[in-house]
file data_34.csv (CSV, C-alpha atoms and all ligand atoms)
chain,number,residue,atom,x,y,z
A,946,MET,CA,78.3,51.3,-66.8
A,947,ARG,CA,80.0,52.8,-63.7
A,948,ILE,CA,78.1,55.5,-62.0
A,949,GLY,CA,79.3,57.9,-59.3
A,950,PHE,CA,77.2,60.2,-57.2
A,951,ILE,CA,78.6,63.5,-55.8
A,952,GLY,CA,76.1,64.1,-53.0
A,953,ALA,CA,74.6,61.1,-51.1
A,954,GLY,CA,71.3,62.6,-50.1
A,955,ALA,CA,67.6,61.8,-50.6
A,956,ILE,CA,67.4,62.1,-54.3
A,957,ALA,CA,70.7,60.2,-55.0
A,958,GLU,CA,69.5,57.3,-52.9
A,959,ALA,CA,66.1,57.4,-54.7
A,960,LEU,CA,67.9,57.2,-58.1
A,961,LEU,CA,70.2,54.4,-56.9
A,962,VAL,CA,67.2,52.3,-55.7
A,963,GLY,CA,65.5,52.6,-59.0
A,964,LEU,CA,68.6,51.9,-61.0
A,965,LEU,CA,69.5,48.8,-59.0
A,966,ALA,CA,65.9,47.5,-59.1
A,967,ASN,CA,65.9,47.8,-62.9
A,968,ASN,CA,69.4,46.3,-63.3
A,969,GLU,CA,70.6,49.5,-65.0
A,970,VAL,CA,73.8,49.3,-62.9
A,971,LYS,CA,75.5,46.8,-60.6
A,972,ALA,CA,76.1,47.7,-56.9
A,973,GLU,CA,79.8,47.0,-57.4
A,974,ASP,CA,79.9,49.8,-60.0
A,975,VAL,CA,78.4,52.5,-57.9
A,976,SER,CA,80.2,55.1,-55.8
A,977,PHE,CA,79.1,57.9,-53.6
A,978,ILE,CA,81.0,60.7,-52.0
A,979,ASN,CA,79.6,63.5,-49.8
A,980,ARG,CA,81.1,66.2,-47.7
A,981,SER,CA,81.3,65.0,-44.1
A,982,ASN,CA,78.5,62.6,-43.2
A,983,TYR,CA,80.4,59.3,-43.0
A,984,ASP,CA,77.5,57.5,-41.3
A,985,ARG,CA,75.4,58.2,-44.4
A,986,LEU,CA,78.1,56.6,-46.6
A,987,LYS,CA,78.2,53.6,-44.3
A,988,TYR,CA,74.5,53.3,-44.4
A,989,LEU,CA,74.5,53.3,-48.2
A,990,ARG,CA,77.4,50.9,-48.4
A,991,ASP,CA,75.7,48.4,-46.1
A,992,LYS,CA,72.2,48.7,-47.3
A,993,TYR,CA,73.0,48.4,-51.0
A,994,HIS,CA,76.2,46.2,-50.8
A,995,LEU,CA,78.4,48.9,-52.4
A,996,PRO,CA,82.2,48.7,-52.5
A,997,SER,CA,84.2,49.9,-49.4
A,998,ILE,CA,84.0,53.7,-48.9
A,999,GLU,CA,87.7,54.0,-49.7
A,1000,ARG,CA,87.2,52.1,-52.9
A,1001,GLN,CA,84.2,54.2,-53.8
A,1002,LYS,CA,86.3,57.3,-53.4
A,1003,GLU,CA,88.9,55.9,-56.0
A,1004,MET,CA,86.1,54.7,-58.3
A,1005,LEU,CA,84.3,58.0,-58.5
A,1006,LEU,CA,86.8,59.7,-60.9
A,1007,HIS,CA,86.7,56.7,-63.2
A,1008,SER,CA,82.9,56.6,-63.5
A,1009,ASP,CA,81.4,56.7,-66.9
A,1010,VAL,CA,78.5,58.8,-65.6
A,1011,VAL,CA,78.9,61.3,-62.7
A,1012,LEU,CA,75.7,62.4,-61.1
A,1013,LEU,CA,75.8,65.8,-59.4
A,1014,ALA,CA,73.3,65.6,-56.5
A,1015,VAL,CA,74.3,68.3,-54.0
A,1016,LYS,CA,72.0,71.2,-52.8
A,1017,PRO,CA,72.2,74.3,-55.0
A,1018,GLN,CA,73.9,76.3,-52.3
A,1019,ILE,CA,76.8,73.8,-52.4
A,1020,ALA,CA,77.0,73.6,-56.2
A,1021,ASN,CA,79.8,76.1,-56.7
A,1022,GLU,CA,82.0,74.8,-53.9
A,1023,MET,CA,81.5,71.2,-55.3
A,1024,LEU,CA,82.1,72.3,-58.9
A,1025,GLU,CA,85.3,74.1,-58.0
A,1026,GLU,CA,86.6,71.0,-56.3
A,1027,TRP,CA,85.5,68.4,-58.8
A,1028,GLY,CA,85.0,70.3,-62.1
A,1029,PRO,CA,88.7,70.4,-63.2
A,1030,LYS,CA,89.1,66.6,-62.5
A,1031,PHE,CA,86.5,65.4,-65.0
A,1032,THR,CA,87.6,64.2,-68.4
A,1033,ARG,CA,86.1,64.0,-71.9
A,1034,ASN,CA,85.2,60.3,-71.7
A,1035,GLN,CA,82.9,61.0,-68.8
A,1036,GLN,CA,79.3,62.2,-68.9
A,1037,ILE,CA,78.0,64.6,-66.2
A,1038,ILE,CA,74.4,64.5,-65.2
A,1039,SER,CA,73.1,67.1,-62.8
A,1040,VAL,CA,69.9,67.0,-60.8
A,1041,ILE,CA,70.7,70.3,-59.1
A,1042,ALA,CA,67.6,72.5,-59.2
A,1043,GLY,CA,68.1,75.8,-61.1
A,1044,VAL,CA,71.7,75.4,-62.1
A,1045,THR,CA,72.3,75.6,-65.8
A,1046,THR,CA,74.4,73.4,-68.0
A,1047,LYS,CA,76.4,76.5,-69.1
A,1048,HIS,CA,77.3,77.2,-65.5
A,1049,ILE,CA,78.4,73.6,-64.9
A,1050,GLU,CA,80.4,73.7,-68.2
A,1051,SER,CA,82.2,76.8,-67.0
A,1052,PHE,CA,84.0,74.7,-64.3
A,1053,LEU,CA,85.2,72.0,-66.8
A,1054,GLN,CA,88.5,71.8,-68.6
A,1055,ASP,CA,87.3,70.0,-71.7
A,1056,ASP,CA,84.3,69.8,-74.0
A,1057,ILE,CA,82.6,67.4,-71.5
A,1058,SER,CA,79.0,66.3,-72.0
A,1059,VAL,CA,76.7,67.8,-69.4
A,1060,ILE,CA,73.0,67.0,-69.1
A,1061,ARG,CA,70.7,68.8,-66.7
A,1062,SER,CA,67.8,66.7,-65.3
A,1063,MET,CA,64.9,67.0,-63.0
A,1064,PRO,CA,63.7,63.7,-61.5
A,1065,ASN,CA,61.5,63.5,-58.4
A,1066,THR,CA,61.6,61.3,-55.3
A,1067,SER,CA,59.2,58.7,-56.8
A,1068,SER,CA,62.4,57.4,-58.5
A,1069,THR,CA,62.6,55.2,-55.4
A,1070,ILE,CA,59.8,53.1,-56.7
A,1071,GLY,CA,60.5,53.5,-60.4
A,1072,MET,CA,57.8,56.1,-60.9
A,1073,SER,CA,59.6,59.4,-61.4
A,1074,ALA,CA,58.5,61.9,-63.9
A,1075,THR,CA,61.9,63.2,-65.2
A,1076,ALA,CA,62.9,65.9,-67.7
A,1077,ILE,CA,66.3,66.1,-69.2
A,1078,THR,CA,68.0,68.8,-71.3
A,1079,ALA,CA,71.3,68.7,-73.2
A,1080,GLY,CA,74.3,71.0,-72.5
A,1081,THR,CA,76.6,72.3,-75.2
A,1082,HIS,CA,78.6,69.1,-75.8
A,1083,ALA,CA,76.0,66.5,-75.1
A,1084,THR,CA,75.5,64.3,-78.1
A,1085,ALA,CA,72.4,62.4,-79.1
A,1086,ASP,CA,74.1,59.3,-77.8
A,1087,ASP,CA,74.7,61.0,-74.4
A,1088,MET,CA,71.0,62.0,-74.3
A,1089,ASN,CA,70.0,58.4,-75.1
A,1090,ARG,CA,72.1,57.1,-72.3
A,1091,ALA,CA,70.7,59.7,-69.8
A,1092,GLU,CA,67.2,58.8,-71.1
A,1093,LYS,CA,67.9,55.2,-70.4
A,1094,ILE,CA,69.1,55.8,-66.9
A,1095,PHE,CA,66.1,57.8,-66.0
A,1096,GLN,CA,63.7,55.4,-67.8
A,1097,GLY,CA,65.0,52.9,-65.3
A,1098,VAL,CA,63.3,55.0,-62.6
A,1099,GLY,CA,60.2,56.2,-64.4
A,1100,THR,CA,59.2,58.2,-67.5
A,1101,VAL,CA,61.4,60.8,-69.2
A,1102,VAL,CA,60.8,63.8,-71.4
A,1103,SER,CA,63.5,65.7,-73.2
A,1104,LEU,CA,63.0,69.5,-73.2
A,1105,GLU,CA,64.7,72.8,-74.0
A,1106,GLU,CA,66.6,74.1,-71.1
A,1107,ASN,CA,64.5,77.3,-70.7
A,1108,LEU,CA,61.6,75.0,-69.5
A,1109,MET,CA,63.6,73.3,-66.8
A,1110,ASP,CA,62.6,75.7,-64.0
A,1111,ALA,CA,59.0,75.2,-64.8
A,1112,VAL,CA,59.5,71.4,-64.7
A,1113,THR,CA,61.2,71.8,-61.4
A,1114,GLY,CA,58.2,73.7,-60.0
A,1115,LEU,CA,55.7,71.2,-61.5
A,1116,SER,CA,57.0,67.7,-61.3
A,1117,GLY,CA,60.3,68.0,-59.3
A,1118,SER,CA,58.4,69.4,-56.4
A,1119,GLY,CA,55.1,67.9,-57.5
A,1120,PRO,CA,54.9,64.8,-55.2
A,1121,ALA,CA,54.9,67.2,-52.2
A,1122,TYR,CA,51.7,68.9,-53.5
A,1123,PHE,CA,49.9,65.5,-53.7
A,1124,TYR,CA,51.3,64.5,-50.3
A,1125,LEU,CA,49.9,67.7,-48.8
A,1126,MET,CA,46.6,67.0,-50.4
A,1127,VAL,CA,46.5,63.5,-48.9
A,1128,GLU,CA,47.4,65.0,-45.5
A,1129,GLY,CA,44.5,67.6,-45.9
A,1130,LEU,CA,42.0,64.9,-47.0
A,1131,GLU,CA,42.9,62.7,-44.1
A,1132,LEU,CA,42.3,65.5,-41.6
A,1133,ALA,CA,39.1,66.5,-43.4
A,1134,ALA,CA,37.9,62.8,-43.3
A,1135,GLN,CA,38.6,62.6,-39.6
A,1136,LYS,CA,36.4,65.7,-39.1
A,1137,VAL,CA,33.5,63.9,-40.8
A,1138,GLY,CA,34.0,60.9,-38.6
A,1139,LEU,CA,36.2,58.5,-40.6
A,1140,PRO,CA,39.0,56.6,-38.8
A,1141,ARG,CA,42.4,57.5,-40.1
A,1142,GLU,CA,43.4,54.0,-41.4
A,1143,VAL,CA,40.2,53.7,-43.3
A,1144,SER,CA,40.3,57.1,-44.8
A,1145,ARG,CA,44.0,56.7,-45.9
A,1146,GLN,CA,43.1,53.5,-47.7
A,1147,LEU,CA,40.2,55.2,-49.4
A,1148,ILE,CA,42.1,58.3,-50.3
A,1149,LEU,CA,45.1,56.4,-51.7
A,1150,GLN,CA,43.0,54.1,-53.9
A,1151,THR,CA,41.0,57.1,-55.1
A,1152,LEU,CA,44.2,58.8,-56.1
A,1153,ILE,CA,45.6,55.7,-57.9
A,1154,GLY,CA,42.2,55.1,-59.5
A,1155,ALA,CA,42.0,58.7,-60.8
A,1156,SER,CA,45.5,58.7,-62.2
A,1157,HIS,CA,44.9,55.3,-63.9
A,1158,MET,CA,41.6,56.6,-65.3
A,1159,LEU,CA,43.4,59.6,-66.8
A,1160,MET,CA,46.1,57.4,-68.3
A,1161,GLU,CA,44.0,54.4,-69.5
A,1162,THR,CA,40.8,56.0,-70.8
A,1163,GLY,CA,42.6,58.9,-72.5
A,1164,LYS,CA,39.7,61.1,-71.5
A,1165,LYS,CA,40.4,64.7,-70.5
A,1166,PRO,CA,40.3,65.5,-66.8
A,1167,GLU,CA,37.3,67.8,-67.3
A,1168,VAL,CA,35.4,65.0,-69.0
A,1169,LEU,CA,36.1,62.5,-66.2
A,1170,ARG,CA,35.2,65.2,-63.6
A,1171,GLN,CA,31.9,65.9,-65.3
A,1172,GLU,CA,31.1,62.1,-65.4
A,1173,ILE,CA,31.2,62.1,-61.6
A,1174,THR,CA,29.3,65.3,-61.1
A,1175,SER,CA,25.5,64.7,-60.9
A,1176,GLU,CA,23.4,67.8,-60.9
A,1177,GLY,CA,22.7,68.9,-57.4
A,1178,GLY,CA,24.8,66.0,-56.0
A,1179,THR,CA,27.7,65.6,-53.6
A,1180,THR,CA,30.5,66.2,-56.1
A,1181,ALA,CA,28.9,69.5,-57.2
A,1182,ALA,CA,28.6,70.6,-53.6
A,1183,GLY,CA,32.3,69.7,-52.9
A,1184,LEU,CA,33.6,71.3,-56.2
A,1185,GLN,CA,31.7,74.5,-55.4
A,1186,VAL,CA,33.6,74.9,-52.2
A,1187,MET,CA,36.9,74.3,-54.0
A,1188,GLU,CA,35.9,77.0,-56.4
A,1189,ASP,CA,34.8,79.4,-53.6
A,1190,TYR,CA,38.2,78.8,-51.9
A,1191,LEU,CA,40.0,79.5,-55.2
A,1192,PHE,CA,41.6,76.1,-55.5
A,1193,LEU,CA,42.7,76.6,-59.1
A,1194,GLU,CA,44.1,80.0,-58.5
A,1195,GLY,CA,46.0,78.5,-55.5
A,1196,LEU,CA,47.5,75.8,-57.8
A,1197,GLU,CA,48.5,78.5,-60.4
A,1198,LYS,CA,50.3,80.5,-57.7
A,1199,THR,CA,51.9,77.4,-56.3
A,1200,ILE,CA,53.5,76.4,-59.6
A,1201,GLU,CA,54.4,80.0,-60.3
A,1202,ALA,CA,56.1,80.4,-57.0
A,1203,ALA,CA,58.1,77.1,-57.3
A,1204,THR,CA,59.1,77.9,-60.8
A,1205,LYS,CA,60.3,81.4,-59.8
A,1206,ARG,CA,62.2,79.9,-56.9
A,1207,SER,CA,64.0,77.5,-59.2
A,1208,GLN,CA,64.9,80.5,-61.4
A,1209,GLU,CA,66.1,82.5,-58.4
A,1210,MET,CA,68.2,79.6,-57.0
A,1211,GLY,CA,69.8,79.2,-60.5
A,1212,GLU,CA,70.6,82.9,-60.6
A,1213,ILE,CA,72.0,82.9,-57.1
A,1214,VAL,CA,74.3,80.0,-57.9
A,1215,CYS,CA,75.2,80.9,-61.5
A,1216,GLU,CA,75.8,84.6,-60.7
A,1217,ASN,CA,77.6,83.6,-57.5
A,1218,LYS,CA,75.3,85.7,-55.2
A,1219,LYS,CA,75.0,85.0,-51.6
A,1220,TYR,CA,72.6,82.1,-51.1
A,1221,LYS,CA,69.7,82.7,-48.9
A,1222,ILE,CA,67.4,80.0,-47.7
A,1223,ARG,CA,64.0,81.5,-46.9
B,1301,LIG,N1,64.7,66.0,-53.0
B,1301,LIG,C1,64.0,66.1,-54.2
B,1301,LIG,O1,62.8,65.8,-54.3
B,1301,LIG,C2,64.8,66.5,-55.4
B,1301,LIG,C3,66.0,67.1,-55.3
B,1301,LIG,N2,66.6,67.5,-56.5
B,1301,LIG,C4,67.9,68.2,-56.3
B,1301,LIG,O2,68.8,67.3,-55.9
B,1301,LIG,C5,69.9,67.9,-55.1
B,1301,LIG,C6,70.1,67.2,-53.8
B,1301,LIG,O3,68.9,67.2,-53.1
B,1301,LIG,P1,68.7,66.2,-51.9
B,1301,LIG,O4,69.1,64.9,-52.2
B,1301,LIG,O5,67.3,66.5,-51.4
B,1301,LIG,O6,69.8,66.9,-50.8
B,1301,LIG,P2,70.3,66.3,-49.5
B,1301,LIG,O7,70.6,67.4,-48.5
B,1301,LIG,O8,69.5,65.1,-49.0
B,1301,LIG,O9,71.8,65.7,-49.9
B,1301,LIG,C7,72.8,66.5,-50.3
B,1301,LIG,C8,74.1,65.7,-50.3
B,1301,LIG,O10,75.2,66.5,-50.8
B,1301,LIG,C9,76.4,66.2,-50.0
B,1301,LIG,N3,77.4,67.3,-50.2
B,1301,LIG,C10,77.3,68.5,-49.6
B,1301,LIG,N4,78.4,69.2,-50.0
B,1301,LIG,C11,79.2,68.4,-50.7
B,1301,LIG,C12,80.4,68.6,-51.3
B,1301,LIG,N5,81.1,69.7,-51.3
B,1301,LIG,N6,80.9,67.5,-52.0
B,1301,LIG,C13,80.3,66.4,-52.1
B,1301,LIG,N7,79.1,66.2,-51.5
B,1301,LIG,C14,78.5,67.2,-50.8
B,1301,LIG,C15,75.8,66.1,-48.6
B,1301,LIG,O11,76.8,65.5,-47.8
B,1301,LIG,P3,76.9,65.8,-46.2
B,1301,LIG,O12,75.6,65.3,-45.6
B,1301,LIG,O13,78.1,65.1,-45.8
B,1301,LIG,O14,77.0,67.3,-46.1
B,1301,LIG,C16,74.6,65.2,-48.9
B,1301,LIG,O15,75.0,63.9,-49.0
B,1301,LIG,C17,69.4,69.3,-54.9
B,1301,LIG,O16,70.2,70.2,-55.8
B,1301,LIG,C18,68.0,69.4,-55.3
B,1301,LIG,O17,67.7,70.6,-56.0
B,1301,LIG,C19,66.2,67.2,-57.7
B,1301,LIG,C20,65.0,66.6,-57.8
B,1301,LIG,C21,64.1,66.2,-56.7
B,1302,LIG,O1,62.7,71.6,-53.1
B,1302,LIG,C1,63.7,71.6,-53.9
B,1302,LIG,O2,64.3,72.7,-54.0
B,1302,LIG,C2,64.0,70.4,-54.6
B,1302,LIG,C3,63.9,70.6,-56.1
B,1302,LIG,C4,62.8,69.8,-56.6
B,1302,LIG,C5,62.4,69.0,-55.4
B,1302,LIG,N1,63.1,69.3,-54.4
call {"tool": "encode", "arguments": {"input": "data_34.csv", "output": "structure tokens"}}
result
Amino acid sequence: MRIGFIGAGAIAEALLVGLLANNEVKAEDVSFINRSNYDRLKYLRDKYHLPSIERQKEMLLHSDVVLLAVKPQIANEMLEEWGPKFTRNQQIISVIAGVTTKHIESFLQDDISVIRSMPNTSSTIGMSATAITAGTHATADDMNRAEKIFQGVGTVVSLEENLMDAVTGLSGSGPAYFYLMVEGLELAAQKVGLPREVSRQLILQTLIGASHMLMETGKKPEVLRQEITSEGGTTAAGLQVMEDYLFLEGLEKTIEAATKRSQEMGEIVCENKKYKIR
């Protein structure tokens, strides 16, 4: 399989690392193009032993799979340039937040297969939670191929497109919510006297342990939480403060806001409105 990335940023590199590590693709079959950052292309070429930058440029249009990985505000400009060049024997996979398959299809000449996806940056270590959805001309075989690509970098669910904004707000942005939580716990741990290196080790193992408990015991989170919470004990004291500070309401608002932003970004791009970064 030859795979070409339009957009050579953070998520494109994360996907490449995962795909190479899982032997889903060979370095010699990978190409990247971007807008102007030549140093970035050189970095990728040297680090992952990719073909020369000139060769990559030629290869891109002959890729079996073309991954669209530019920022939403660039999507229309990129689609105007590249859309008419794609052909029916290619498969387009977009990771662009908010942008619909219909919108991408409107730039293509043929009944080309388009799949919209939402991975996250944990692709770098093969631990992404990815959702994919089929455009008008994507066949079951195309979906299988996309599923296989993303399985190389984590787990994959296949969903109706109307759920993709919610996925973007939940698991696309999701790692950031956990990173913020780790940052907050580290600061809090310092305040109660724990050195940073020690607290980081304890927090990370607690996070890993909790996610493995959820996956391996099959118990519901509320059951596992209750198992830790002794009456009148430390956990109850901590959880009470989380409740007082409206932790759950905060999470609800967080996911709502991120989902809404994905919808808005999609509308701005798909309806060609002026893009505003807040
Ligand atoms: N980061 C994340 O966690 C996730 C991001 N996404 C989505 O992935 C997409 C990319 O995000 P991210 O990797 O963070 O973005 P980055 O800003 O890191 O990278 C964007 C890339 O697109 C290139 N580019 C810009 N304009 C063009 C153009 N006209 N033609 C070709 N290439 C172009 C840029 O090149 P240059 O530097 O030369 O301008 C740059 O290499 C976004 O749409 C985002 O919604 C999806 C899932 C998770
Ligand atoms: O913040 C963003 O818009 C992108 C989409 C999901 C993760 N990062």
call {"tool": "residues_near_ligand", "arguments": {"input": "data_34.csv", "ligand": "ligand LIG 1302 (chain B)", "cutoff": "9 Å", "atoms": "all atoms listed in the file", "output": "list in words"}}
result
Ile956, Lys1016, Pro1017, Val1040, Ile1041, Ala1042, Gly1043, Met1063, Pro1064, Asn1065, Thr1066, Val1112, Thr1113, Gly1114, Leu1115, Ser1116, Gly1117, Ser1118, Gly1119, Pro1120, Ala1121, Ala1203, Arg1206, Ser1207 and Met1210 of chain A
call {"tool": "write_last_selection", "arguments": {"input": "data_34.csv", "atoms": "C-alpha atoms", "output": "PDB file, in the frame of the given file"}}
result
ATOM      1  CA  ILE A 956      67.400  62.100 -54.300  1.00  0.00           C
ATOM      2  CA  LYS A1016      72.000  71.200 -52.800  1.00  0.00           C
ATOM      3  CA  PRO A1017      72.200  74.300 -55.000  1.00  0.00           C
ATOM      4  CA  VAL A1040      69.900  67.000 -60.800  1.00  0.00           C
ATOM      5  CA  ILE A1041      70.700  70.300 -59.100  1.00  0.00           C
ATOM      6  CA  ALA A1042      67.600  72.500 -59.200  1.00  0.00           C
ATOM      7  CA  GLY A1043      68.100  75.800 -61.100  1.00  0.00           C
ATOM      8  CA  MET A1063      64.900  67.000 -63.000  1.00  0.00           C
ATOM      9  CA  PRO A1064      63.700  63.700 -61.500  1.00  0.00           C
ATOM     10  CA  ASN A1065      61.500  63.500 -58.400  1.00  0.00           C
ATOM     11  CA  THR A1066      61.600  61.300 -55.300  1.00  0.00           C
ATOM     12  CA  VAL A1112      59.500  71.400 -64.700  1.00  0.00           C
ATOM     13  CA  THR A1113      61.200  71.800 -61.400  1.00  0.00           C
ATOM     14  CA  GLY A1114      58.200  73.700 -60.000  1.00  0.00           C
ATOM     15  CA  LEU A1115      55.700  71.200 -61.500  1.00  0.00           C
ATOM     16  CA  SER A1116      57.000  67.700 -61.300  1.00  0.00           C
ATOM     17  CA  GLY A1117      60.300  68.000 -59.300  1.00  0.00           C
ATOM     18  CA  SER A1118      58.400  69.400 -56.400  1.00  0.00           C
ATOM     19  CA  GLY A1119      55.100  67.900 -57.500  1.00  0.00           C
ATOM     20  CA  PRO A1120      54.900  64.800 -55.200  1.00  0.00           C
ATOM     21  CA  ALA A1121      54.900  67.200 -52.200  1.00  0.00           C
ATOM     22  CA  ALA A1203      58.100  77.100 -57.300  1.00  0.00           C
ATOM     23  CA  ARG A1206      62.200  79.900 -56.900  1.00  0.00           C
ATOM     24  CA  SER A1207      64.000  77.500 -59.200  1.00  0.00           C
ATOM     25  CA  MET A1210      68.200  79.600 -57.000  1.00  0.00           C
TER      26      MET A1210
END
call {"tool": "closest_residue", "arguments": {"input": "data_34.csv", "among": "A:Leu1147, A:Ile1213, A:Leu1191, A:Gln1096", "to": "Ser1073 (chain A)", "atoms": "only C-alpha atoms"}}
result
A:Gln1096
call {"tool": "atom_distance", "arguments": {"input": "data_34.csv", "atom1": "CA of Val975 (chain A)", "atom2": "atom C2 of ligand LIG 1301 (chain B)"}}
result
19.7 Å
call {"tool": "atom_distance", "arguments": {"input": "data_34.csv", "atom1": "CA of Val1101 (chain A)", "atom2": "CA of Ile1077 (chain A)"}}
result
7.2 Å
call {"tool": "closest_residue", "arguments": {"input": "data_34.csv", "among": "A:Leu961, A:Ala1091, A:Leu1024, A:Val1137", "to": "ligand LIG 1301 (chain B)", "atoms": "all atoms listed in the file"}}
result
A:Leu1024
call {"tool": "residues_near_point", "arguments": {"input": "data_34.csv", "point": "(81.1, 51.9, -60.4)", "cutoff": "6 Å", "atoms": "all atoms listed in the file", "output": "ChimeraX atom specification"}}
result
/A:947-948,973-976,1008
call {"tool": "write_last_selection", "arguments": {"input": "data_34.csv", "atoms": "C-alpha atoms", "output": "PDB file, in the coordinates of the input"}}
result
ATOM      1  CA  ARG A 947      80.000  52.800 -63.700  1.00  0.00           C
ATOM      2  CA  ILE A 948      78.100  55.500 -62.000  1.00  0.00           C
ATOM      3  CA  GLU A 973      79.800  47.000 -57.400  1.00  0.00           C
ATOM      4  CA  ASP A 974      79.900  49.800 -60.000  1.00  0.00           C
ATOM      5  CA  VAL A 975      78.400  52.500 -57.900  1.00  0.00           C
ATOM      6  CA  SER A 976      80.200  55.100 -55.800  1.00  0.00           C
ATOM      7  CA  SER A1008      82.900  56.600 -63.500  1.00  0.00           C
TER       8      SER A1008
END
call {"tool": "residues_near_point", "arguments": {"input": "data_34.csv", "point": "(73.7, 83.6, -60.7)", "cutoff": "12 Å", "atoms": "only C-alpha atoms", "output": "MDAnalysis selection string"}}
result
chainID A and resid 1017:1018 1020:1021 1043:1045 1047:1049 1207:1220
call {"tool": "closest_residue", "arguments": {"input": "data_34.csv", "among": "A:Ala1155, A:Leu965, A:Ile1038, A:Val1010", "to": "ligand LIG 1301 (chain B)", "atoms": "only C-alpha atoms and all ligand atoms"}}
result
A:Ile1038
call {"tool": "closest_residue", "arguments": {"input": "data_34.csv", "among": "A:Asp1009, A:Ser1067, A:Ile1057, A:Asn968", "to": "ligand LIG 1301 (chain B)", "atoms": "all atoms listed in the file"}}
result
A:Ser1067
